[in-house]
>>> print(open('upload_34.cif').read())   # mmCIF, C-alpha atoms and all ligand atoms
data_coords
loop_
_atom_site.label_atom_id
_atom_site.label_comp_id
_atom_site.auth_asym_id
_atom_site.auth_seq_id
_atom_site.Cartn_x
_atom_site.Cartn_y
_atom_site.Cartn_z
CA MET A 509 37.03 39.59 132.04
CA VAL A 510 39.28 36.54 131.97
CA VAL A 511 41.52 36.34 135.04
CA THR A 512 44.16 33.62 135.45
CA GLY A 513 45.73 32.75 138.78
CA ALA A 514 42.37 33.62 140.33
CA ALA A 515 42.45 31.03 143.14
CA ARG A 516 44.40 33.32 145.48
CA GLY A 517 46.67 36.33 145.82
CA ILE A 518 46.66 39.07 143.20
CA GLY A 519 44.52 37.06 140.75
CA ARG A 520 41.78 36.60 143.34
CA ALA A 521 41.94 40.32 144.19
CA ALA A 522 41.71 41.20 140.48
CA ALA A 523 38.64 38.96 140.06
CA ARG A 524 37.02 40.66 143.07
CA ALA A 525 37.88 44.14 141.81
CA PHE A 526 36.37 43.41 138.38
CA ALA A 527 33.20 41.97 139.94
CA THR A 528 32.90 44.99 142.22
CA VAL A 529 32.84 47.38 139.25
CA GLY A 530 30.16 45.26 137.58
CA ALA A 531 32.19 43.13 135.17
CA ARG A 532 31.59 39.43 134.61
CA VAL A 533 34.56 37.23 135.44
CA PHE A 534 35.82 33.98 133.94
CA ALA A 535 38.23 32.91 136.68
CA VAL A 536 40.92 30.37 135.78
CA ASP A 537 43.37 28.48 137.98
CA ARG A 538 44.86 25.01 138.21
CA ASP A 539 43.69 25.01 141.86
CA GLY A 540 40.07 23.97 141.31
CA ASP A 541 38.87 24.37 144.90
CA GLY A 542 40.53 27.75 145.22
CA VAL A 543 39.08 29.15 142.02
CA GLU A 544 35.61 27.86 142.97
CA ARG A 545 35.94 29.67 146.30
CA THR A 546 36.95 32.87 144.51
CA ALA A 547 34.00 32.76 142.12
CA ALA A 548 31.55 31.95 144.91
CA GLY A 549 32.78 34.95 146.89
CA LEU A 550 32.43 37.52 144.08
CA ALA A 551 29.70 40.13 143.97
CA HIS A 552 26.70 38.61 142.13
CA PRO A 553 28.23 35.09 142.00
CA ALA A 554 25.79 33.75 139.39
CA ARG A 555 27.32 36.11 136.78
CA HIS A 556 30.78 34.54 137.04
CA ARG A 557 32.39 31.23 136.17
CA ALA A 558 35.24 29.28 137.76
CA ARG A 559 37.38 27.08 135.52
CA CYS A 560 40.00 24.65 136.79
CA TYR A 561 42.74 24.59 134.14
CA ASP A 562 46.50 24.07 134.03
CA LEU A 563 47.77 26.70 131.59
CA ARG A 564 50.59 24.40 130.55
CA ASP A 565 47.99 22.51 128.49
CA ILE A 566 48.82 24.59 125.42
CA ASP A 567 46.64 22.63 123.00
CA GLY A 568 43.47 23.42 124.96
CA LEU A 569 43.98 27.20 125.26
CA GLY A 570 41.97 28.07 122.15
CA ALA A 571 39.01 26.07 123.46
CA LEU A 572 39.42 27.67 126.90
CA ILE A 573 39.11 31.15 125.39
CA GLY A 574 36.09 29.94 123.39
CA GLU A 575 34.47 28.81 126.66
CA ALA A 576 35.22 32.18 128.21
CA ARG A 577 33.64 34.00 125.26
CA GLU A 578 30.47 31.94 125.59
CA SER A 579 30.33 32.30 129.35
CA LEU A 580 30.91 36.08 129.28
CA GLY A 581 28.87 36.79 126.14
CA GLY A 582 31.96 38.33 124.48
CA LEU A 583 35.56 39.13 125.33
CA TRP A 584 37.22 42.35 126.45
CA ALA A 585 40.18 41.88 128.83
CA LEU A 586 42.58 39.15 129.80
CA ALA A 587 44.42 39.62 133.10
CA HIS A 588 47.03 36.86 132.99
CA VAL A 589 48.12 36.86 136.62
CA ALA A 590 49.05 33.18 137.15
CA GLY A 591 52.69 32.50 137.87
CA VAL A 592 55.03 30.18 139.69
CA LEU A 593 58.18 30.81 141.71
CA ARG A 594 60.71 28.44 143.26
CA ARG A 595 63.43 30.29 145.14
CA GLN A 596 66.67 28.33 144.89
CA PRO A 597 70.38 29.09 145.10
CA MET A 598 71.87 29.58 141.63
CA ASP A 599 73.98 26.43 141.86
CA GLU A 600 71.01 24.21 142.78
CA ILE A 601 68.77 25.01 139.83
CA ARG A 602 68.01 21.86 137.86
CA GLU A 603 66.78 21.64 134.29
CA GLU A 604 63.28 20.77 135.57
CA ASP A 605 63.22 23.98 137.64
CA TRP A 606 64.20 26.02 134.60
CA ASP A 607 61.57 24.26 132.48
CA LEU A 608 58.82 24.83 135.08
CA HIS A 609 59.42 28.58 135.16
CA LEU A 610 59.74 28.95 131.42
CA ASP A 611 56.68 26.75 130.79
CA VAL A 612 54.34 28.46 133.27
CA ASP A 613 55.69 32.00 133.44
CA LEU A 614 56.49 32.53 129.77
CA LYS A 615 55.40 29.81 127.32
CA ALA A 616 51.85 29.42 128.63
CA GLY A 617 51.46 33.21 128.57
CA PHE A 618 52.56 33.44 124.95
CA PHE A 619 50.02 30.90 123.71
CA LEU A 620 47.29 32.20 126.02
CA CYS A 621 47.75 35.83 124.93
CA ARG A 622 47.90 34.78 121.29
CA ALA A 623 44.68 32.75 121.60
CA PHE A 624 43.03 35.70 123.35
CA GLY A 625 44.38 38.19 120.78
CA GLN A 626 43.16 36.05 117.89
CA ALA A 627 39.69 35.88 119.46
CA LEU A 628 39.62 39.66 120.01
CA VAL A 629 40.64 40.28 116.38
CA ALA A 630 37.93 37.90 115.14
CA GLN A 631 35.37 39.59 117.38
CA GLY A 632 36.38 43.17 116.39
CA GLY A 633 36.16 46.21 118.66
CA GLY A 634 39.54 46.01 120.40
CA GLY A 635 40.36 44.83 123.89
CA ARG A 636 42.97 44.60 126.61
CA ILE A 637 45.72 42.15 127.54
CA ILE A 638 47.47 42.56 130.90
CA ASN A 639 50.46 40.41 131.84
CA PHE A 640 52.54 40.12 134.99
CA SER A 641 56.30 40.51 135.35
CA SER A 642 58.59 41.18 138.33
CA PRO A 643 61.09 43.92 139.31
CA GLY A 644 63.77 41.29 138.61
CA PHE A 645 63.28 41.95 134.89
CA ILE A 646 65.32 45.11 135.47
CA LYS A 647 67.21 44.47 138.72
CA GLY A 648 67.95 40.74 138.57
CA THR A 649 67.66 38.93 141.88
CA ARG A 650 69.81 38.09 144.87
CA LYS A 651 67.00 36.10 146.38
CA GLY A 652 67.22 32.83 144.45
CA ALA A 653 64.59 33.57 141.81
CA HIS A 654 67.01 33.16 138.91
CA ALA A 655 64.98 31.10 136.43
CA TYR A 656 61.86 33.06 137.40
CA VAL A 657 63.35 36.46 136.50
CA ALA A 658 64.61 35.10 133.20
CA ALA A 659 61.03 34.15 132.33
CA LYS A 660 59.61 37.42 133.70
CA GLY A 661 62.03 39.45 131.54
CA GLY A 662 60.62 37.56 128.59
CA VAL A 663 57.09 38.54 129.64
CA VAL A 664 57.91 42.25 129.19
CA SER A 665 59.50 41.73 125.76
CA MET A 666 56.67 39.44 124.68
CA SER A 667 54.02 41.91 125.83
CA ARG A 668 55.67 44.76 123.91
CA ASP A 669 55.80 42.58 120.82
CA PHE A 670 52.10 41.73 121.23
CA ALA A 671 51.40 45.46 121.73
CA ARG A 672 52.83 46.12 118.26
CA TRP A 673 51.12 43.12 116.68
CA TYR A 674 47.64 43.70 118.07
CA GLY A 675 47.72 47.51 118.35
CA PRO A 676 46.30 48.04 114.84
CA HIS A 677 43.22 46.13 116.04
CA GLY A 678 42.62 48.51 118.96
CA ILE A 679 44.05 46.06 121.48
CA THR A 680 46.37 47.36 124.20
CA VAL A 681 48.91 45.05 125.80
CA ASN A 682 50.60 46.03 129.06
CA THR A 683 52.61 44.45 131.83
CA VAL A 684 52.10 45.02 135.55
CA VAL A 685 55.29 44.88 137.62
CA PRO A 686 54.36 44.29 141.27
CA GLY A 687 56.82 44.94 144.06
CA PRO A 688 56.76 42.88 147.25
CA ILE A 689 53.08 41.99 147.70
CA ASP A 690 51.73 40.18 150.72
CA THR A 691 50.65 36.90 149.09
CA ALA A 692 51.58 33.23 149.39
CA MET A 693 54.17 33.66 146.64
CA GLN A 694 55.98 36.37 148.64
CA HIS A 695 56.40 34.01 151.60
CA THR A 696 57.01 30.68 149.81
CA ASP A 697 60.60 29.36 150.03
CA ASN A 698 61.47 32.71 151.59
CA THR A 699 62.97 33.88 154.87
CA GLU A 700 61.66 36.69 157.04
CA GLU A 701 65.04 38.42 156.50
CA VAL A 702 64.56 38.51 152.74
CA VAL A 703 60.99 39.78 153.12
CA ALA A 704 62.24 42.46 155.53
CA ALA A 705 65.00 43.45 153.08
CA GLY A 706 62.35 43.97 150.40
CA VAL A 707 60.36 46.19 152.75
CA ALA A 708 63.48 48.16 153.70
CA ASP A 709 64.20 48.75 150.00
CA CYS A 710 60.71 50.16 149.47
CA PRO A 711 60.19 53.92 150.00
CA LEU A 712 56.71 53.23 151.42
CA GLY A 713 58.32 50.86 153.93
CA ARG A 714 55.73 48.08 153.76
CA LEU A 715 54.52 45.17 151.67
CA GLY A 716 51.81 45.98 149.15
CA GLN A 717 48.37 44.39 149.38
CA PRO A 718 46.92 42.37 146.47
CA GLU A 719 44.07 44.90 146.19
CA GLU A 720 46.61 47.67 145.48
CA VAL A 721 47.71 45.76 142.38
CA ALA A 722 44.20 44.69 141.40
CA SER A 723 43.09 48.32 141.14
CA VAL A 724 45.81 48.94 138.53
CA VAL A 725 44.60 45.91 136.57
CA VAL A 726 41.06 47.35 136.55
CA PHE A 727 42.45 50.73 135.42
CA LEU A 728 44.42 49.13 132.56
CA ALA A 729 41.29 47.25 131.46
CA SER A 730 39.19 50.43 131.52
CA ASP A 731 38.55 53.18 128.97
CA HIS A 732 40.72 55.45 131.16
CA ALA A 733 43.79 53.52 129.92
CA SER A 734 42.86 53.65 126.21
CA TYR A 735 46.20 55.21 125.12
CA ILE A 736 48.52 53.09 127.27
CA SER A 737 50.13 50.16 125.48
CA GLY A 738 53.48 48.40 125.69
CA ALA A 739 53.98 49.82 129.20
CA ALA A 740 55.56 48.01 132.14
CA VAL A 741 53.71 49.61 135.04
CA SER A 742 55.59 49.64 138.35
CA VAL A 743 53.29 48.91 141.31
CA THR A 744 56.13 48.63 143.78
CA GLY A 745 55.64 51.38 146.35
CA GLY A 746 58.66 53.01 144.69
CA ALA A 747 60.96 50.03 145.15
CA LEU A 748 61.51 50.04 141.39
CA MET A 749 61.78 53.40 139.63
CA TYR A 750 62.49 53.65 135.90
N1 LIG B 1 53.54 38.56 145.29
C1 LIG B 1 54.57 39.24 144.89
O1 LIG B 1 55.31 39.80 145.70
C2 LIG B 1 54.87 39.36 143.42
C3 LIG B 1 55.95 40.17 143.04
C4 LIG B 1 56.26 40.31 141.69
C5 LIG B 1 55.50 39.66 140.75
N2 LIG B 1 54.45 38.87 141.12
C6 LIG B 1 53.68 38.20 140.06
O2 LIG B 1 52.31 38.51 140.25
C7 LIG B 1 51.51 37.39 139.83
C8 LIG B 1 50.60 36.95 140.96
O3 LIG B 1 51.39 36.63 142.09
P1 LIG B 1 50.77 36.15 143.48
O4 LIG B 1 51.66 36.67 144.52
O5 LIG B 1 49.32 36.42 143.50
O6 LIG B 1 51.04 34.56 143.35
P2 LIG B 1 50.35 33.32 144.11
O7 LIG B 1 51.37 32.25 144.15
O8 LIG B 1 49.72 33.75 145.38
O9 LIG B 1 49.18 32.92 143.09
C9 LIG B 1 49.52 32.39 141.81
C10 LIG B 1 48.33 31.62 141.29
O10 LIG B 1 48.69 31.11 139.98
C11 LIG B 1 48.19 29.79 139.89
N3 LIG B 1 48.96 29.00 138.94
C12 LIG B 1 50.27 28.68 139.01
N4 LIG B 1 50.61 27.90 137.98
C13 LIG B 1 49.49 27.73 137.23
C14 LIG B 1 49.20 27.00 136.04
N5 LIG B 1 50.14 26.27 135.42
N6 LIG B 1 47.95 27.04 135.54
C15 LIG B 1 46.97 27.77 136.17
N7 LIG B 1 47.19 28.45 137.31
C16 LIG B 1 48.43 28.44 137.83
C17 LIG B 1 48.35 29.23 141.32
O11 LIG B 1 47.53 28.09 141.53
C18 LIG B 1 47.96 30.43 142.17
O12 LIG B 1 46.57 30.44 142.45
C19 LIG B 1 52.50 36.31 139.39
O13 LIG B 1 52.65 36.32 137.99
C20 LIG B 1 53.78 36.70 140.08
O14 LIG B 1 54.91 36.22 139.40
C21 LIG B 1 54.12 38.71 142.44
#
>>> encode(input="upload_34.cif", output="structure tokens")
Amino acid sequence: MVVTGAARGIGRAAARAFATVGARVFAVDRDGDGVERTAAGLAHPARHRARCYDLRDIDGLGALIGEARESLGGLWALAHVAGVLRRQPMDEIREEDWDLHLDVDLKAGFFLCRAFGQALVAQGGGGRIINFSSPGFIKGTRKGAHAYVAAKGGVVSMSRDFARWYGPHGITVNTVVPGPIDTAMQHTDNTEEVVAAGVADCPLGRLGQPEEVASVVVFLASDHASYISGAAVSVTGGALMY
């Protein structure tokens, strides 16, 4: 399994969940120390590999997937969890903020998924691609994540397009839509009031834990999810119903 954003948060939990069910993990993050710590803490650490990589390096993505194939002895699932969020008032967003979100949250994902899809097609036998969006793709945001939600809306459209493109090869492509999850991203540039408002808006009345999202990633990568493709799966405690 290839897991991006594996240095912390949901990506780290997904790497752990895959390792726990016996899968080998190729863990990727631009935070080299963090991703090393994740890999070292997985069940049977010698079976896994940590790779420090900034996904904005588009030209190297094909080689990265080649490394993953060699390390894992074949490819099955990509869980592309990595993302970036700067919360800013609408009127303070600069072009560089817009570019950061679009580059990391959308552009890198397109070229990564395509490289992974191409490798799966060449390998034969199907596979799984799992991307990450945000409830803002439907609701918008009042919390200053304006450029972020624009990119995350694109992730859903892109994933559905990939689902059509790669479906004939037995490859499913889905998007996970987490609600408020208790990670560093949830608390960065945020106020306790905004976090509390998210909890109040959630029928379960609490933040989700990264493990509660990771289990859905493992499900989507499994044979149990063989007829699910093009879905945007809400893991929001009911905060987003559609
Ligand atoms: N936490 C939430 O409440 C929440 C809600 C909705 C959606 N999401 C989405 O879920 C995913 C995981 O979120 P999280 O809360 O675990 O985030 P996080 O900030 O805790 O972790 C994100 C990880 O991505 C890595 N990363 C960022 N840019 C990168 C790059 N260019 N190259 C490689 N790695 C990079 C970071 O180093 C970090 O380890 C993200 O896509 C996020 O947008 C999270």
>>> atom_distance(input="upload_34.cif", atom1="atom CA of A:Gly513", atom2="atom CA of A:His732")
24.5 Å
>>> residues_around(input="upload_34.cif", residues="stretch 716-729 of chain A", least_positions_apart="2", cutoff="10 Å", atoms="only C-alpha atoms", output="PyMOL selection string")
chain A and resi 509+516-526+529+531+584-587+589+635-640+680-691+707+710+712-714+731-737+741-745
>>> axis_aligned_box(input="upload_34.cif", around="stretch 721-732 of chain A", padding_each_side="8 Å", output="JSON")
{"center_x": 43.1, "center_y": 50.1, "center_z": 135.7, "size_x": 25.2, "size_y": 26.8, "size_z": 29.4}
>>> residues_around(input="upload_34.cif", residues="A:Gly582", least_positions_apart="2", cutoff="12 Å", atoms="only C-alpha atoms", output="list in words")
Met509, Val510, Ala531, Arg532, Val533, Phe534, Ile573, Gly574, Glu575, Ala576, Arg577, Glu578, Ser579, Leu580, Trp584, Ala585, Leu586, Phe624, Ala627, Leu628, Ala630, Gln631, Gly632, Gly633, Gly634 and Gly635 of chain A
>>> residues_around(input="upload_34.cif", residues="A:Ala659", least_positions_apart="3", cutoff="7 Å", atoms="only C-alpha atoms", output="PyMOL selection string")
chain A and resi 609-610+613-614+655-656+662-663
>>> write_last_selection(input="upload_34.cif", atoms="C-alpha atoms", output="compact mmCIF listing (two decimals), in the frame of the given file")
# COMPACT_ATOMS: atom_id res chain seq x y z
CA HIS A 609 59.42 28.58 135.16
CA LEU A 610 59.74 28.95 131.42
CA ASP A 613 55.69 32.00 133.44
CA LEU A 614 56.49 32.53 129.77
CA ALA A 655 64.98 31.10 136.43
CA TYR A 656 61.86 33.06 137.40
CA GLY A 662 60.62 37.56 128.59
CA VAL A 663 57.09 38.54 129.64
>>> atom_distance(input="upload_34.cif", atom1="atom CA of A:Val592", atom2="atom CA of A:Ala616")
11.5 Å
>>> closest_residue(input="upload_34.cif", among="A:Asp567, A:Asp611, A:Asp709, A:Glu544", to="ligand LIG 1 (chain B)", atoms="all atoms listed in the file")
A:Asp611
>>> atom_distance(input="upload_34.cif", atom1="atom CA of A:Ala740", atom2="atom CA of A:Ser665")
9.8 Å
>>> closest_residue(input="upload_34.cif", among="A:Ala551, A:Met598, A:Val703, A:Leu620", to="A:Asp565", atoms="all atoms listed in the file")
A:Leu620
>>> closest_residue(input="upload_34.cif", among="A:Gly617, A:Pro676, A:Gly746, A:Pro597", to="ligand LIG 1 (chain B)", atoms="only C-alpha atoms and all ligand atoms")
A:Gly617
>>> closest_residue(input="upload_34.cif", among="A:Ala653, A:Ile601, A:Ala692, A:Cys560", to="ligand LIG 1 (chain B)", atoms="all atoms listed in the file")
A:Ala692
>>> closest_residue(input="upload_34.cif", among="A:Met693, A:Gly678, A:Val629, A:Gly706", to="ligand LIG 1 (chain B)", atoms="only C-alpha atoms and all ligand atoms")
A:Met693
>>> closest_residue(input="upload_34.cif", among="A:Gln596, A:Ser641, A:Thr649, A:Asn698", to="ligand LIG 1 (chain B)", atoms="all atoms listed in the file")
A:Ser641
